[in-house]
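What's in target_7.txt: compact mmCIF, C-alpha atoms and all ligand atoms
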```
# COMPACT_ATOMS: atom_id res chain seq x y z
CA MET A 1 -2.83 21.90 -1.84
CA ARG A 2 -0.37 19.25 -2.98
CA ARG A 3 -2.95 17.47 -5.14
CA ASN A 4 -3.91 20.54 -7.17
CA ALA A 5 -0.27 21.43 -7.73
CA LEU A 6 0.40 17.93 -9.03
CA ILE A 7 -2.58 18.03 -11.40
CA ASP A 8 -1.40 21.39 -12.66
CA GLU A 9 2.11 20.08 -13.25
CA ALA A 10 0.66 17.15 -15.20
CA ARG A 11 -1.51 19.50 -17.26
CA GLN A 12 1.53 21.58 -18.19
CA ALA A 13 3.54 18.48 -19.07
CA PHE A 14 0.71 17.27 -21.32
CA ILE A 15 0.52 20.61 -23.13
CA THR A 16 4.29 20.60 -23.65
CA ARG A 17 4.27 17.09 -25.09
CA PHE A 18 1.06 17.02 -27.11
CA GLY A 19 0.49 20.70 -27.88
CA ARG A 20 -3.10 20.83 -26.66
CA GLU A 21 -5.10 21.01 -23.44
CA PRO A 22 -5.93 17.73 -21.69
CA GLU A 23 -9.60 16.84 -21.23
CA ALA A 24 -9.49 14.69 -18.12
CA ALA A 25 -7.45 13.55 -15.14
CA GLY A 26 -7.30 10.58 -12.81
CA ILE A 27 -5.57 10.93 -9.44
CA ALA A 28 -4.86 8.15 -6.96
CA PRO A 29 -2.85 8.11 -3.72
CA GLY A 30 -0.26 5.72 -2.32
CA ARG A 31 -0.80 4.06 1.05
CA VAL A 32 0.86 3.03 4.25
CA GLU A 33 0.05 0.02 6.42
CA LEU A 34 -0.52 1.24 9.98
CA LEU A 35 -1.50 -2.12 11.49
CA GLY A 36 -1.98 -5.60 10.06
CA ASN A 37 1.49 -6.80 9.09
CA HIS A 38 1.36 -10.03 7.01
CA THR A 39 -2.27 -10.54 7.96
CA ASP A 40 -3.74 -10.00 4.47
CA TYR A 41 -2.93 -13.39 2.93
CA ASN A 42 -4.03 -15.04 6.17
CA GLU A 43 -7.50 -13.60 5.47
CA GLY A 44 -7.18 -11.37 8.51
CA TYR A 45 -7.60 -7.67 9.26
CA VAL A 46 -5.57 -4.73 7.99
CA LEU A 47 -5.56 -1.05 8.86
CA PRO A 48 -3.89 1.10 6.18
CA ALA A 49 -4.33 4.76 5.28
CA ALA A 50 -4.10 6.51 1.93
CA ILE A 51 -1.37 9.19 2.01
CA ASP A 52 -1.23 12.65 0.47
CA ARG A 53 1.18 11.56 -2.27
CA SER A 54 -0.28 10.47 -5.57
CA VAL A 55 0.04 9.46 -9.17
CA VAL A 56 -1.78 11.69 -11.66
CA VAL A 57 -2.72 10.67 -15.20
CA VAL A 58 -3.96 13.45 -17.48
CA GLY A 59 -4.86 13.34 -21.14
CA SER A 60 -7.41 13.31 -23.91
CA ALA A 61 -9.26 10.91 -26.17
CA ARG A 62 -8.18 10.70 -29.79
CA GLU A 63 -9.86 9.44 -32.93
CA ALA A 64 -7.05 7.12 -33.98
CA PRO A 65 -7.28 3.72 -32.24
CA GLN A 66 -3.91 4.20 -30.61
CA ALA A 67 -2.75 5.03 -27.08
CA ARG A 68 0.33 7.19 -26.50
CA VAL A 69 1.50 7.33 -22.89
CA ALA A 70 4.44 9.17 -21.37
CA SER A 71 5.63 9.17 -17.76
CA LEU A 72 7.92 11.86 -16.37
CA GLU A 73 9.53 9.07 -14.34
CA ARG A 74 10.19 6.72 -17.25
CA GLU A 75 11.41 7.53 -20.77
CA PRO A 76 10.72 6.89 -23.59
CA ALA A 77 6.96 7.16 -24.12
CA VAL A 78 5.05 4.12 -25.36
CA SER A 79 2.29 3.62 -27.91
CA PHE A 80 -0.04 0.64 -28.25
CA ASP A 81 -3.43 -0.49 -29.51
CA PRO A 82 -5.90 -0.13 -26.63
CA ALA A 83 -8.04 -2.94 -28.07
CA ARG A 84 -5.10 -5.35 -27.78
CA PRO A 85 -2.41 -4.17 -25.36
CA GLU A 86 0.78 -6.22 -25.57
CA HIS A 87 3.79 -6.55 -23.29
CA ASP A 88 6.95 -4.68 -24.17
CA PRO A 89 10.05 -5.94 -22.31
CA ASP A 90 11.72 -2.55 -22.86
CA ALA A 91 8.93 -0.66 -21.09
CA ARG A 92 7.79 -2.84 -18.20
CA TRP A 93 6.31 0.17 -16.42
CA ALA A 94 3.71 0.53 -19.18
CA ASP A 95 2.31 -2.91 -18.27
CA TYR A 96 0.56 -1.29 -15.29
CA VAL A 97 -1.28 1.04 -17.67
CA LYS A 98 -1.90 -1.63 -20.33
CA GLY A 99 -3.10 -4.09 -17.70
CA VAL A 100 -5.80 -1.63 -16.62
CA VAL A 101 -6.83 -0.98 -20.25
CA HIS A 102 -7.03 -4.75 -20.78
CA GLU A 103 -9.10 -5.35 -17.64
CA LEU A 104 -11.46 -2.44 -18.39
CA ASN A 105 -12.10 -3.93 -21.83
CA GLU A 106 -12.68 -7.35 -20.25
CA ALA A 107 -15.22 -5.72 -17.91
CA GLY A 108 -17.12 -4.37 -20.91
CA ALA A 109 -15.77 -0.83 -21.29
CA SER A 110 -14.49 -0.17 -24.79
CA ILE A 111 -11.38 1.88 -24.33
CA GLY A 112 -10.56 3.81 -27.50
CA GLY A 113 -7.54 5.90 -28.46
CA PHE A 114 -6.00 8.34 -25.98
CA ASP A 115 -2.93 10.41 -25.19
CA ALA A 116 -1.76 10.59 -21.58
CA VAL A 117 0.99 11.94 -19.38
CA ILE A 118 1.80 10.50 -15.94
CA VAL A 119 3.18 12.63 -13.11
CA SER A 120 3.79 11.44 -9.55
CA ASP A 121 5.10 12.61 -6.21
CA LEU A 122 5.19 9.08 -4.79
CA PRO A 123 8.56 7.41 -4.44
CA VAL A 124 8.66 4.46 -6.83
CA GLY A 125 9.41 1.00 -5.45
CA ALA A 126 9.71 2.25 -1.86
CA GLY A 127 6.74 0.30 -0.52
CA VAL A 128 4.16 3.10 -0.55
CA SER A 129 2.43 1.45 -3.48
CA SER A 130 3.14 3.57 -6.51
CA SER A 131 2.08 0.59 -8.64
CA ALA A 132 -1.48 0.51 -7.28
CA ALA A 133 -1.69 4.31 -7.46
CA LEU A 134 -0.68 4.16 -11.13
CA GLU A 135 -3.31 1.51 -11.86
CA VAL A 136 -6.10 3.27 -10.02
CA ALA A 137 -5.24 6.70 -11.49
CA THR A 138 -5.20 5.15 -14.97
CA ALA A 139 -8.61 3.56 -14.38
CA GLN A 140 -10.14 6.81 -13.09
CA PHE A 141 -8.71 8.75 -16.03
CA LEU A 142 -9.91 6.27 -18.66
CA LEU A 143 -13.37 5.94 -17.11
CA THR A 144 -13.74 9.71 -17.35
CA LEU A 145 -12.99 9.56 -21.10
CA TYR A 146 -14.82 6.29 -21.76
CA PRO A 147 -17.56 6.00 -19.13
CA HIS A 148 -18.68 2.62 -17.82
CA PRO A 149 -20.83 1.73 -14.77
CA ILE A 150 -17.91 0.02 -13.01
CA VAL A 151 -16.77 3.48 -11.94
CA GLY A 152 -19.61 3.41 -9.38
CA ASP A 153 -18.57 0.03 -7.98
CA ARG A 154 -15.55 1.01 -5.96
CA MET A 155 -14.66 -2.44 -4.66
CA GLY A 156 -15.07 -3.78 -8.22
CA LEU A 157 -12.69 -1.11 -9.43
CA ALA A 158 -10.09 -1.97 -6.78
CA LYS A 159 -10.34 -5.65 -7.74
CA LEU A 160 -10.07 -4.81 -11.43
CA CYS A 161 -6.82 -2.94 -10.75
CA GLN A 162 -5.57 -5.85 -8.64
CA ARG A 163 -6.22 -8.20 -11.60
CA ALA A 164 -4.23 -5.82 -13.82
CA GLU A 165 -1.27 -6.21 -11.45
CA ASN A 166 -1.70 -9.96 -10.81
CA ASP A 167 -2.57 -11.16 -14.30
CA PHE A 168 -1.16 -8.63 -16.76
CA VAL A 169 1.92 -7.38 -14.89
CA GLY A 170 2.39 -10.74 -13.18
CA ALA A 171 2.96 -9.53 -9.60
CA PRO A 172 1.05 -11.68 -7.07
CA THR A 173 -0.10 -8.97 -4.66
CA GLY A 174 -3.15 -8.75 -2.40
CA LEU A 175 -6.03 -6.27 -2.61
CA LEU A 176 -4.76 -3.99 0.16
CA ASP A 177 -2.93 -1.47 -2.05
CA GLN A 178 -5.71 -0.91 -4.57
CA PHE A 179 -8.34 -0.93 -1.82
CA SER A 180 -6.50 1.83 0.08
CA SER A 181 -5.98 3.93 -3.03
CA VAL A 182 -9.66 3.72 -3.99
CA PHE A 183 -11.24 4.02 -0.54
CA GLY A 184 -8.85 6.49 1.13
CA ARG A 185 -10.55 9.13 3.23
CA GLN A 186 -9.02 12.36 4.45
CA GLY A 187 -8.30 12.23 8.19
CA HIS A 188 -9.16 8.54 8.41
CA ALA A 189 -7.50 5.16 8.63
CA LEU A 190 -9.19 2.30 6.76
CA PHE A 191 -10.18 -1.02 8.24
CA LEU A 192 -10.47 -3.97 5.87
CA ASP A 193 -11.45 -7.54 6.63
CA CYS A 194 -9.52 -9.41 3.96
CA ARG A 195 -11.88 -12.40 4.07
CA THR A 196 -15.28 -10.69 3.86
CA LEU A 197 -14.05 -7.39 2.32
CA GLU A 198 -16.11 -5.59 4.95
CA HIS A 199 -14.56 -2.15 5.45
CA ARG A 200 -14.91 1.05 7.45
CA ALA A 201 -13.09 4.35 7.89
CA HIS A 202 -11.91 5.41 11.37
CA ASN A 203 -10.96 8.87 12.53
CA LEU A 204 -7.25 9.72 12.37
CA PRO A 205 -7.37 13.53 12.28
CA ALA A 206 -4.38 15.39 10.83
CA ASP A 207 -4.51 18.05 13.56
CA GLN A 208 -3.68 15.33 16.09
CA ALA A 209 -1.76 12.67 14.20
CA ARG A 210 0.87 12.91 11.50
CA ILE A 211 2.46 10.00 9.73
CA LEU A 212 6.18 9.91 9.00
CA ILE A 213 7.35 7.21 6.62
CA ALA A 214 11.08 6.63 7.05
CA ASP A 215 12.88 4.61 4.39
CA THR A 216 15.98 2.67 5.44
CA HIS A 217 17.03 2.53 1.78
CA VAL A 218 18.09 -1.07 2.38
CA LYS A 219 16.52 -4.28 1.22
CA HIS A 220 18.06 -7.41 2.68
CA SER A 221 18.20 -10.51 0.51
CA LEU A 222 15.10 -11.96 2.18
CA ALA A 223 13.06 -8.97 1.02
CA SER A 224 13.23 -9.89 -2.65
CA GLY A 225 10.68 -12.67 -2.44
CA GLY A 226 12.32 -15.51 -0.54
CA GLY A 227 11.33 -14.33 2.92
CA TYR A 228 7.79 -13.45 1.89
CA ARG A 229 7.22 -16.81 0.21
CA GLU A 230 8.68 -18.68 3.17
CA ARG A 231 6.49 -16.81 5.67
CA ARG A 232 3.37 -17.46 3.59
CA ALA A 233 4.16 -21.17 3.45
CA GLN A 234 4.82 -21.27 7.20
CA CYS A 235 1.50 -19.58 7.94
CA GLU A 236 -0.33 -22.10 5.74
CA GLU A 237 1.44 -25.00 7.40
CA ALA A 238 0.64 -23.67 10.88
CA ALA A 239 -3.04 -23.30 9.92
CA ARG A 240 -3.08 -26.92 8.68
CA TRP A 241 -1.60 -28.06 11.98
CA PHE A 242 -4.29 -26.25 14.00
CA ALA A 243 -7.01 -27.67 11.75
CA GLN A 244 -5.71 -31.21 12.28
CA GLN A 245 -5.21 -30.84 16.02
CA THR A 246 -8.54 -29.22 16.82
CA GLY A 247 -10.78 -30.79 14.20
CA GLU A 248 -12.25 -27.30 13.75
CA PRO A 249 -12.91 -25.88 10.26
CA ILE A 250 -9.71 -23.82 10.29
CA LYS A 251 -8.86 -22.58 6.81
CA THR A 252 -6.27 -19.91 7.58
CA LEU A 253 -4.68 -18.38 10.68
CA ARG A 254 -7.66 -16.01 10.69
CA ASP A 255 -9.62 -18.87 12.22
CA VAL A 256 -7.16 -19.56 15.06
CA ARG A 257 -7.92 -18.02 18.46
CA PRO A 258 -5.26 -16.52 20.78
CA GLU A 259 -5.84 -19.17 23.48
CA GLN A 260 -5.15 -21.86 20.87
CA VAL A 261 -1.79 -20.29 20.06
CA ASP A 262 -1.03 -20.02 23.76
CA ASN A 263 -1.57 -23.73 24.19
CA ALA A 264 -0.07 -25.51 21.20
CA PRO A 265 2.41 -28.08 22.49
CA GLY A 266 3.78 -30.11 19.64
CA LEU A 267 3.66 -27.36 17.06
CA ASP A 268 7.07 -26.71 15.54
CA PRO A 269 8.56 -23.73 17.48
CA ILE A 270 9.20 -21.69 14.31
CA LEU A 271 5.64 -22.22 13.06
CA LEU A 272 4.36 -21.34 16.53
CA LYS A 273 6.19 -18.00 16.40
CA ARG A 274 4.73 -17.16 12.98
CA ALA A 275 1.22 -18.14 14.11
CA HIS A 276 1.62 -16.14 17.31
CA HIS A 277 2.42 -13.01 15.32
CA VAL A 278 -0.48 -13.33 12.89
CA VAL A 279 -3.15 -14.31 15.42
CA TYR A 280 -2.21 -11.53 17.84
CA GLU A 281 -1.73 -9.06 14.99
CA ASN A 282 -5.36 -9.55 14.04
CA LEU A 283 -6.25 -8.80 17.65
CA ARG A 284 -4.05 -5.68 17.59
CA VAL A 285 -5.90 -4.40 14.52
CA LEU A 286 -9.22 -4.78 16.34
CA MET A 287 -7.82 -3.12 19.46
CA GLY A 288 -6.36 -0.36 17.29
CA VAL A 289 -9.81 0.24 15.80
CA GLU A 290 -11.26 0.46 19.30
CA ALA A 291 -8.59 2.97 20.29
CA LEU A 292 -9.39 5.13 17.25
CA GLN A 293 -13.10 4.94 17.99
CA GLY A 294 -12.37 6.20 21.50
CA GLY A 295 -10.07 8.93 20.13
CA ASN A 296 -7.21 7.42 22.11
CA LEU A 297 -4.16 7.99 19.93
CA GLY A 298 -1.81 7.00 22.74
CA ALA A 299 -3.36 3.52 22.89
CA PHE A 300 -3.39 3.32 19.09
CA GLY A 301 0.32 4.19 18.93
CA GLU A 302 1.06 1.56 21.53
CA MET A 303 -0.47 -1.03 19.17
CA LEU A 304 1.95 0.07 16.45
CA SER A 305 4.91 -0.36 18.77
CA ASN A 306 3.61 -3.73 19.98
CA THR A 307 3.35 -4.83 16.37
CA HIS A 308 6.95 -3.92 15.78
CA GLU A 309 8.06 -5.98 18.76
CA SER A 310 6.08 -8.92 17.41
CA CYS A 311 7.63 -8.53 13.94
CA ARG A 312 11.07 -8.43 15.50
CA THR A 313 10.73 -11.42 17.79
CA TYR A 314 7.96 -13.65 16.43
CA PHE A 315 7.66 -13.03 12.70
CA GLU A 316 11.36 -12.18 12.32
CA ASN A 317 10.84 -9.89 9.35
CA SER A 318 12.58 -6.81 10.71
CA ALA A 319 16.16 -5.66 10.12
CA PRO A 320 18.68 -3.69 12.24
CA GLU A 321 18.11 -0.56 10.14
CA VAL A 322 14.32 -0.58 10.69
CA ASP A 323 14.78 -1.46 14.36
CA ALA A 324 17.01 1.60 14.71
CA LEU A 325 14.46 3.95 13.11
CA VAL A 326 11.73 2.56 15.35
CA GLU A 327 13.88 2.75 18.49
CA ILE A 328 15.03 6.32 17.82
CA SER A 329 11.43 7.38 17.16
CA GLN A 330 10.03 5.72 20.26
CA ALA A 331 12.52 7.65 22.42
CA HIS A 332 11.43 10.96 20.88
CA PRO A 333 8.81 13.11 22.65
CA GLY A 334 5.44 13.38 20.92
CA VAL A 335 5.68 10.00 19.20
CA TYR A 336 2.59 7.79 19.66
CA GLY A 337 4.20 4.67 18.24
CA ALA A 338 6.38 3.24 15.48
CA LYS A 339 6.79 0.02 13.56
CA LEU A 340 8.10 -1.49 10.37
CA THR A 341 5.65 -1.33 7.51
CA GLY A 342 5.33 -3.60 4.48
CA GLY A 343 6.96 -6.94 3.80
CA GLY A 344 10.01 -6.32 5.98
CA TRP A 345 13.75 -7.16 5.95
CA GLY A 346 14.51 -3.49 5.32
CA GLY A 347 12.17 -1.07 3.59
CA CYS A 348 10.27 1.50 5.63
CA ALA A 349 9.23 2.32 9.18
CA VAL A 350 6.01 4.21 9.91
CA ILE A 351 5.95 6.63 12.82
CA LEU A 352 2.73 8.13 14.17
CA HIS A 353 3.37 11.39 15.98
CA GLU A 354 1.95 14.71 17.15
CA PRO A 355 1.89 17.42 14.45
CA ASP A 356 4.37 19.78 16.08
CA VAL A 357 7.25 17.28 16.37
CA THR A 358 7.62 16.34 12.69
CA GLU A 359 10.62 18.59 12.26
CA SER A 360 12.54 17.67 15.40
CA LEU A 361 11.78 13.98 14.85
CA SER A 362 13.06 14.18 11.28
CA GLU A 363 16.24 15.90 12.42
CA THR A 364 16.86 13.36 15.17
CA LEU A 365 16.24 10.42 12.85
CA THR A 366 18.61 11.78 10.21
CA ARG A 367 21.33 12.58 12.73
CA GLU A 368 21.22 9.28 14.62
CA TYR A 369 20.68 7.04 11.60
CA ARG A 370 23.68 8.69 9.97
CA VAL A 371 25.82 7.95 13.01
CA ARG A 372 24.76 4.30 13.10
CA PHE A 373 24.67 3.46 9.39
CA GLY A 374 26.65 6.19 7.63
CA ARG A 375 23.77 7.33 5.42
CA ASP A 376 20.53 9.28 5.53
CA PRO A 377 17.09 7.71 5.82
CA GLY A 378 14.47 8.79 3.25
CA LEU A 379 11.79 10.81 5.04
CA LEU A 380 8.23 11.24 3.79
CA PRO A 381 6.03 13.30 6.12
CA THR A 382 2.38 12.69 5.36
CA VAL A 383 -1.20 12.45 6.66
CA ALA A 384 -4.20 10.18 6.10
CA ALA A 385 -5.63 11.40 2.81
CA GLN A 386 -8.49 11.15 0.33
CA GLY A 387 -8.79 8.30 -2.17
CA ALA A 388 -8.83 8.28 -5.96
CA GLU A 389 -11.01 10.37 -8.24
CA GLY A 390 -11.49 11.16 -11.90
CA MET A 391 -12.26 14.64 -13.21
CA ARG A 392 -12.85 16.61 -16.38
CA PHE A 393 -11.07 19.91 -16.95
CA GLU A 394 -13.52 22.77 -17.52
P1 LIG B 1 5.69 0.17 -5.10
O1 LIG B 1 4.29 -0.16 -5.51
O2 LIG B 1 5.95 -0.17 -3.66
O3 LIG B 1 6.10 1.56 -5.41
P2 LIG B 1 6.26 -1.80 -7.10
O4 LIG B 1 7.47 -2.54 -7.47
O5 LIG B 1 5.04 -2.56 -6.77
O6 LIG B 1 6.66 -0.80 -5.92
O7 LIG B 1 5.86 -0.84 -8.29
C1 LIG B 1 6.81 0.03 -8.87
C2 LIG B 1 6.65 0.02 -10.37
O8 LIG B 1 5.45 0.71 -10.76
C3 LIG B 1 7.76 0.77 -11.09
O9 LIG B 1 8.87 -0.07 -11.32
C4 LIG B 1 7.09 1.17 -12.39
O10 LIG B 1 7.09 0.10 -13.31
C5 LIG B 1 5.66 1.42 -11.96
N1 LIG B 1 5.44 2.86 -11.67
C6 LIG B 1 5.11 3.42 -10.48
N2 LIG B 1 4.97 4.75 -10.58
C7 LIG B 1 5.23 5.07 -11.87
C8 LIG B 1 5.28 6.29 -12.63
N3 LIG B 1 5.02 7.47 -12.05
N4 LIG B 1 5.59 6.21 -13.93
C9 LIG B 1 5.85 5.01 -14.51
N5 LIG B 1 5.83 3.85 -13.87
C10 LIG B 1 5.54 3.85 -12.57
MG MG B 2 3.40 -2.07 -5.60
```

Rewrite the structure from the file as structure tokens, please.
Ligand code: ADP
Ligand code: MG
Amino acid sequence: MRRNALIDEARQAFITRFGREPEAAGIAPGRVELLGNHTDYNEGYVLPAAIDRSVVVVGSAREAPQARVASLEREPAVSFDPARPEHDPDARWADYVKGVVHELNEAGASIGGFDAVIVSDLPVGAGVSSSAALEVATAQFLLTLYPHPIVGDRMGLAKLCQRAENDFVGAPTGLLDQFSSVFGRQGHALFLDCRTLEHRAHNLPADQARILIADTHVKHSLASGGGYRERRAQCEEAARWFAQQTGEPIKTLRDVRPEQVDNAPGLDPILLKRAHHVVYENLRVLMGVEALQGGNLGAFGEMLSNTHESCRTYFENSAPEVDALVEISQAHPGVYGAKLTGGGWGGCAVILHEPDVTESLSETLTREYRVRFGRDPGLLPTVAAQGAEGMRFE
């Protein structure tokens, strides 16, 4: 199993660096958004899955009130006082670890000294949420060494890790990533209502459905913040317009009904397109859930492909490279559906397919993408996987 191999690799790396056996480990997966594109900040519905790629943190407590942390992905190692973690501009990556230490202390845990090594088989910065996985793995590891009741409050733990990223690292991200990493369930997709935080797991069995994440390796200029900020502002403005027009207590696009979008003369045509995407995307998430409940993967895949079409034409957050990956996939036998995943303007496509076509699909994607764009896509074959856990070595 991939997970055990990764923990073992981390254990070996810890022994090499610190010359003793580690006591504990925290492991947390990345995630992929299957449905619910740009719905989270509109207080709508999302349907992600945790994937079988993870960050592992292993290590031991130490008497000295000092933390020493090394990542195989980032040299050099860092050391800091766990009672008062401070930013280091030369090791920004360590802020994700320090942020969790800080938030655990704020929540009442008293994190003492520790040594840790971080190992990961998640691509970093590719949109499969290595940052949340690092936070959640760190939290699970530290709570194994320094127990605190928050470990039993899984939503509280996800929110704590989100605060680490928002407040300590300074990245304004939603709860989706940490939620998925904490609540992941093998063979299941996860439904989350971003307003009420109500959540459920829905069957997505690996013997019927595999997930291929295909990275375009391009990020268009809009991806680096401008496009995201603009879309958020447009969604807020559209919601204000609907509130004014209808006199209803509309706070976000979550509160707007499809028939209201279908009959909105006077709304700026750009804002109408954005609203159309979000309102119908919420509906697609609910229909996707229904399809999964009925075991109808064909209907579920169709939702993915419909989402992509909506991203392309209404939300305008796709890019030719993602469109190509989606198009090539949709023409391949055994593919249920495909769409862009994440913020957009480049980044990754997610392709849901039957287990026995992973190889031929990967070959076709590589061959045709190379012809069109002169380079290879990054391919990450995966399945819906289990969420985070902490453990002690025997
Ligand atoms: P994503 O979450 O999509 O991978 P982010 O930009 O949100 O992209 O987070 C990536 C950052 O998280 C990296 O730049 C690094 O600072 C940190 N990070 C992720 N994984 C590791 C790791 N294994 N070791 C050290 N830092 C990591
Ligand atoms: Mg991230």

Would you pick out the contacts of region 41-46 of chain A at 9 Å or less, using only C-alpha atoms, so that residues sharing its chain but fewer than 3 positions from it are not included, and give the list as a PDB file with C-alpha atoms, in the frame of the given file?
```pdb
ATOM      1  CA  GLU A  33       0.050   0.020   6.420  1.00  0.00           C
ATOM      2  CA  LEU A  34      -0.520   1.240   9.980  1.00  0.00           C
ATOM      3  CA  LEU A  35      -1.500  -2.120  11.490  1.00  0.00           C
ATOM      4  CA  GLY A  36      -1.980  -5.600  10.060  1.00  0.00           C
ATOM      5  CA  ASN A  37       1.490  -6.800   9.090  1.00  0.00           C
ATOM      6  CA  HIS A  38       1.360 -10.030   7.010  1.00  0.00           C
ATOM      7  CA  GLY A 174      -3.150  -8.750  -2.400  1.00  0.00           C
ATOM      8  CA  LEU A 176      -4.760  -3.990   0.160  1.00  0.00           C
ATOM      9  CA  LEU A 190      -9.190   2.300   6.760  1.00  0.00           C
ATOM     10  CA  PHE A 191     -10.180  -1.020   8.240  1.00  0.00           C
ATOM     11  CA  LEU A 192     -10.470  -3.970   5.870  1.00  0.00           C
ATOM     12  CA  ASP A 193     -11.450  -7.540   6.630  1.00  0.00           C
ATOM     13  CA  CYS A 194      -9.520  -9.410   3.960  1.00  0.00           C
ATOM     14  CA  ARG A 195     -11.880 -12.400   4.070  1.00  0.00           C
ATOM     15  CA  THR A 196     -15.280 -10.690   3.860  1.00  0.00           C
ATOM     16  CA  ARG A 232       3.370 -17.460   3.590  1.00  0.00           C
ATOM     17  CA  CYS A 235       1.500 -19.580   7.940  1.00  0.00           C
ATOM     18  CA  GLU A 236      -0.330 -22.100   5.740  1.00  0.00           C
ATOM     19  CA  LYS A 251      -8.860 -22.580   6.810  1.00  0.00           C
ATOM     20  CA  THR A 252      -6.270 -19.910   7.580  1.00  0.00           C
ATOM     21  CA  LEU A 253      -4.680 -18.380  10.680  1.00  0.00           C
ATOM     22  CA  ARG A 254      -7.660 -16.010  10.690  1.00  0.00           C
ATOM     23  CA  ASP A 255      -9.620 -18.870  12.220  1.00  0.00           C
ATOM     24  CA  VAL A 278      -0.480 -13.330  12.890  1.00  0.00           C
ATOM     25  CA  VAL A 279      -3.150 -14.310  15.420  1.00  0.00           C
ATOM     26  CA  GLU A 281      -1.730  -9.060  14.990  1.00  0.00           C
ATOM     27  CA  ASN A 282      -5.360  -9.550  14.040  1.00  0.00           C
ATOM     28  CA  LEU A 283      -6.250  -8.800  17.650  1.00  0.00           C
ATOM     29  CA  VAL A 285      -5.900  -4.400  14.520  1.00  0.00           C
ATOM     30  CA  LEU A 286      -9.220  -4.780  16.340  1.00  0.00           C
TER      31      LEU A 286
END
```

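Among the candidates A:Leu142, A:Val55, A:Leu212, A:Leu361, the one nearest to Glu23 (chain A) when counting all atoms listed in the file is A:Leu142.
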
All residues 8 Å or closer to Ser110 (chain A), all atoms listed in the file, same chain fewer than 2 positions away omitted, as an MDAnalysis selection string: chainID A and resid 83 104:105 108 112 146

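Nearest-residue note for ligand LIG 1 (chain B): choosing from A:Leu297, A:Ala5, A:Leu134, A:Ala50, the minimum distance belongs to A:Leu134, counting all atoms listed in the file.
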
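Interatomic distance, CA of Glu316 (chain A) to atom O4 of ligand LIG 1 (chain B): 22.4 Å.
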
Kindly provide the residues of chain A that approach ligand MG 2 (chain B) to within 7 Å, each paired with its closest atom pair and their distance in Å to one decimal, based on only C-alpha atoms and all ligand atoms, listed by chain and increasing number, as CSV.
```
residue,atom,partner,partner_atom,distance
A:Gly125,CA,B:MG2,MG,6.8
A:Gly127,CA,B:MG2,MG,6.5
A:Ser129,CA,B:MG2,MG,4.2
A:Ser130,CA,B:MG2,MG,5.7
A:Ser131,CA,B:MG2,MG,4.2
A:Ala132,CA,B:MG2,MG,5.8
```

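One distance worth recording is that between CA of Glu321 (chain A) and CA of Gly346 (chain A), which is 6.7 Å.
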
Please provide as an mmCIF file with C-alpha atoms, in the coordinates of the input all residues within 12 Å of region 261-272 of chain A, with the sequence filter that same-chain residues fewer than 2 positions apart are discarded (counting all atoms listed in the file).
```cif
data_model
loop_
_atom_site.group_PDB
_atom_site.id
_atom_site.type_symbol
_atom_site.label_atom_id
_atom_site.label_comp_id
_atom_site.auth_asym_id
_atom_site.auth_seq_id
_atom_site.Cartn_x
_atom_site.Cartn_y
_atom_site.Cartn_z
ATOM 1 C CA GLU A 230 8.680 -18.680 3.170
ATOM 2 C CA ARG A 231 6.490 -16.810 5.670
ATOM 3 C CA ARG A 232 3.370 -17.460 3.590
ATOM 4 C CA ALA A 233 4.160 -21.170 3.450
ATOM 5 C CA GLN A 234 4.820 -21.270 7.200
ATOM 6 C CA CYS A 235 1.500 -19.580 7.940
ATOM 7 C CA GLU A 236 -0.330 -22.100 5.740
ATOM 8 C CA GLU A 237 1.440 -25.000 7.400
ATOM 9 C CA ALA A 238 0.640 -23.670 10.880
ATOM 10 C CA ALA A 239 -3.040 -23.300 9.920
ATOM 11 C CA ARG A 240 -3.080 -26.920 8.680
ATOM 12 C CA TRP A 241 -1.600 -28.060 11.980
ATOM 13 C CA PHE A 242 -4.290 -26.250 14.000
ATOM 14 C CA ALA A 243 -7.010 -27.670 11.750
ATOM 15 C CA GLN A 244 -5.710 -31.210 12.280
ATOM 16 C CA GLN A 245 -5.210 -30.840 16.020
ATOM 17 C CA THR A 246 -8.540 -29.220 16.820
ATOM 18 C CA LEU A 253 -4.680 -18.380 10.680
ATOM 19 C CA ARG A 254 -7.660 -16.010 10.690
ATOM 20 C CA ASP A 255 -9.620 -18.870 12.220
ATOM 21 C CA VAL A 256 -7.160 -19.560 15.060
ATOM 22 C CA ARG A 257 -7.920 -18.020 18.460
ATOM 23 C CA PRO A 258 -5.260 -16.520 20.780
ATOM 24 C CA GLU A 259 -5.840 -19.170 23.480
ATOM 25 C CA ARG A 274 4.730 -17.160 12.980
ATOM 26 C CA ALA A 275 1.220 -18.140 14.110
ATOM 27 C CA HIS A 276 1.620 -16.140 17.310
ATOM 28 C CA HIS A 277 2.420 -13.010 15.320
ATOM 29 C CA VAL A 278 -0.480 -13.330 12.890
ATOM 30 C CA VAL A 279 -3.150 -14.310 15.420
ATOM 31 C CA TYR A 280 -2.210 -11.530 17.840
ATOM 32 C CA THR A 313 10.730 -11.420 17.790
ATOM 33 C CA TYR A 314 7.960 -13.650 16.430
ATOM 34 C CA PHE A 315 7.660 -13.030 12.700
ATOM 35 C CA GLU A 316 11.360 -12.180 12.320
#
```

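Note that CA of Gln208 (chain A) and CA of Gly295 (chain A) are 9.9 Å apart.
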